[in-house]
Amino acid sequence: MPGNLVAVIGSTHRRVHDQLFFVSIVLMNETDDLQLIREVQQGNGESFGKLLAKYEKAIFNAAYRIIRDYEDAKDVTQNVFLKAYENLGGFDPRHRFFSWIYRIAINESINLCKSKRRFEVAEDTRVESNTPEKLLSRTELGRVIEKALMSLGLEYRVVIVLRHFNDCDYRELSEILEIPEKTVKSRLFTARALLRDILSKRGIL
Amino acid sequence: MSDSHEKYIELMHADIDGAASKEQMAALEEYLATHPEAQRARAELKKLTEVLSQVEPIESPADLRKNIMAEVRRRHSVLDFGLGNRRARLQIPLIRYGYALAAGVLLGVVLTGVASKSLSPVEKSDVYGTMMSPKNAGHYVVAEQMKLAAPGLAGSVELSRSGDNEMIVFDLSSGQPAEVELRFDGGQVGLKGFSQEPNNIRSFDAKQGSISFRSEGRQSSTVILASDHRARLPLNVRFYVGGKLVHEATVGATAPRGSSK
């Protein structure tokens, strides 16, 4: 099945590339962001486009993983960047733009979830016979994980998304969520335990 | 579960998060060697991490960036960014007002029928708040010019016309912030655009029949009004420095009148 093989290789390559993309955002020199912010504050709206290009994909992915609705994630991402643009005049340069915009994104996503009561998705407790080997594709695995994530409470879902899909470390999680690192760890450990149980029941682990 | 076990569970998480030190790793390995249940817990945790790492990032919508930037550009002429944080926070209500203004302008455009007309590129860009530099607005014809020499304020006011549009350019120079108020018949004239160069709008307010803004240092402010049926209405302009009225003039009438106070 050369076609499938090509698809798998292409898919893996894209995944690695995307993960590197997210990591590169985290590692990106913060002075670059500050320079762009200054330019926007001085009236250069086009510099905002560079900030947008850097963070758009990561913010969209975070929103999508929390909300699990493509169109809503699109709306949230748009709102996030427009809010950031509106409030960039009040941005405190002592903080990191990365944390600031993620905080807006998380708050927007949580608000949308609450308004739509997406967090009340009932947990499916049936034991399924899926195994990683039986899953036909990564896309399908992604759907199972998404479903499992939606079974988590919002505060747990958010830490899993930021840590595992957006590659944020403890410090960044603490900054974004405005909670102490100790609370970050405790929440993350609990979230993993809950997710592990859900995935075990669904035959993934 | 003992406190000791809890401690090692925490170390397992720190390990997969890349946050464990060499000493912590050594202590964890030592503990795992004699605790099979801890080995199972660690294996499950690693498996979970592995499964999560297989989830592919999704592509963001192709038009998302374009749409956001279009909206950013649309808002740009009415948004305000201060040089300092304290100042910028004070400007937030102005930013909010900017949206109301933008919505009002669009509504006004629709109500006055401007949108139904065939607009030139310059005029279209005016409607959406990204005004072209007045210097490039060649189709505007200068109708009136006025020199300004008032206490603490100097410069000029120029009125140009193009079809139903009236463009008023205020080139002002002041030692301290000057407030400009423009009054007109709101029943026949509506705001179509506003911009400032340097592009850092300090303050802007628009109501039916009046517009006010602040000019600081050397600043060029451009107001575009759309009049109904090419009505030639007088525009009353007042200039304030330090809260005091320093000059009042009328532009747009057949016979320009200006008087210093």
# chains A, B, ... in the order shown; residues from 1 in each chain; ligands from 1
>>> interface_residues(of="chain A", to="chain B", cutoff="7 Å", atoms="only C-alpha atoms", output="list in words")
Arg15, Asp18, Gln41, Gln42, Gly43, Gly45, Gly49, Lys57, Phe60, Asn61, Gln78, Leu82, Gly89, Gly90, Phe91, Asp92, Arg138, Leu141, Gly142, His164, Arg196 and Leu205 of chain A
>>> residues_around(residues="range 239-248 of chain B", least_positions_apart="4", cutoff="12 Å", atoms="only C-alpha atoms", output="PyMOL selection string")
chain B and resi 146-157+170+172-183+212-217+235+257-261
>>> closest_residue(among="A:Ala148, A:Ile176, A:Glu181, A:Cys168", to="Leu194 in chain A", atoms="only C-alpha atoms")
A:Ala148
>>> atom_distance(atom1="CA of Phe81 in chain A", atom2="CA of Arg94 in chain A")
19.9 Å
>>> closest_residue(among="A:Asp169, A:Glu56, A:Glu155, A:Glu39", to="Ile101 in chain A", atoms="only C-alpha atoms")
A:Glu56
>>> residues_around(residues="Ser174 in chain A", least_positions_apart="5", cutoff="10 Å", atoms="only C-alpha atoms", output="list in words")
Ser99, Val159, Cys168, Asp169, Ile179, Pro180, Glu181, Lys182, Thr183, Val184 and Lys185 of chain A
>>> write_last_selection(atoms="N, CA, C and O atoms", output="compact mmCIF listing (two decimals), in the first residue's frame")
# COMPACT_ATOMS: atom_id res chain seq x y z
N SER A 99 2.14 34.63 27.00
CA SER A 99 1.23 34.27 28.11
C SER A 99 -0.04 35.09 28.05
O SER A 99 -1.13 34.59 28.32
N VAL A 159 -5.56 22.42 31.18
CA VAL A 159 -4.14 22.15 31.48
C VAL A 159 -3.59 21.05 30.57
O VAL A 159 -2.44 21.11 30.14
N CYS A 168 3.29 23.96 26.66
CA CYS A 168 3.60 24.95 27.70
C CYS A 168 4.19 24.23 28.91
O CYS A 168 3.73 23.15 29.28
N ASP A 169 5.19 24.85 29.52
CA ASP A 169 5.77 24.24 30.73
C ASP A 169 5.02 24.75 31.98
O ASP A 169 4.08 25.55 31.87
N ILE A 179 -2.29 31.01 38.24
CA ILE A 179 -2.35 30.19 39.46
C ILE A 179 -0.92 29.78 39.81
O ILE A 179 -0.05 29.74 38.93
N PRO A 180 -0.64 29.46 41.08
CA PRO A 180 0.72 29.05 41.44
C PRO A 180 1.14 27.76 40.74
O PRO A 180 0.28 26.93 40.39
N GLU A 181 2.44 27.60 40.55
CA GLU A 181 2.94 26.39 39.89
C GLU A 181 2.52 25.12 40.62
O GLU A 181 2.27 24.08 40.01
N LYS A 182 2.45 25.23 41.94
CA LYS A 182 2.05 24.07 42.73
C LYS A 182 0.62 23.64 42.34
O LYS A 182 0.35 22.44 42.20
N THR A 183 -0.23 24.61 42.14
CA THR A 183 -1.62 24.31 41.73
C THR A 183 -1.64 23.75 40.31
O THR A 183 -2.43 22.86 40.00
N VAL A 184 -0.75 24.29 39.48
CA VAL A 184 -0.65 23.79 38.09
C VAL A 184 -0.34 22.30 38.11
O VAL A 184 -1.01 21.50 37.44
N LYS A 185 0.66 21.95 38.90
CA LYS A 185 1.08 20.53 38.95
C LYS A 185 -0.04 19.66 39.47
O LYS A 185 -0.36 18.62 38.89
>>> atom_distance(atom1="CA of Gly187 in chain B", atom2="CA of Gln219 in chain B")
29.5 Å
>>> atom_distance(atom1="CA of Arg161 in chain B", atom2="CA of Val141 in chain B")
5.2 Å
>>> select_by_dssp(residues="range 41-188 of chain A", states="helix (DSSP H, G or I)", output="ChimeraX atom specification")
/A:41,46-67,70-90,97-116,118-120,138-151,154-165,170-177,181-188
>>> closest_residue(among="B:Val251, B:Leu225, B:Ser195, B:Asp185", to="Gln208 in chain B", atoms="only C-alpha atoms")
B:Asp185
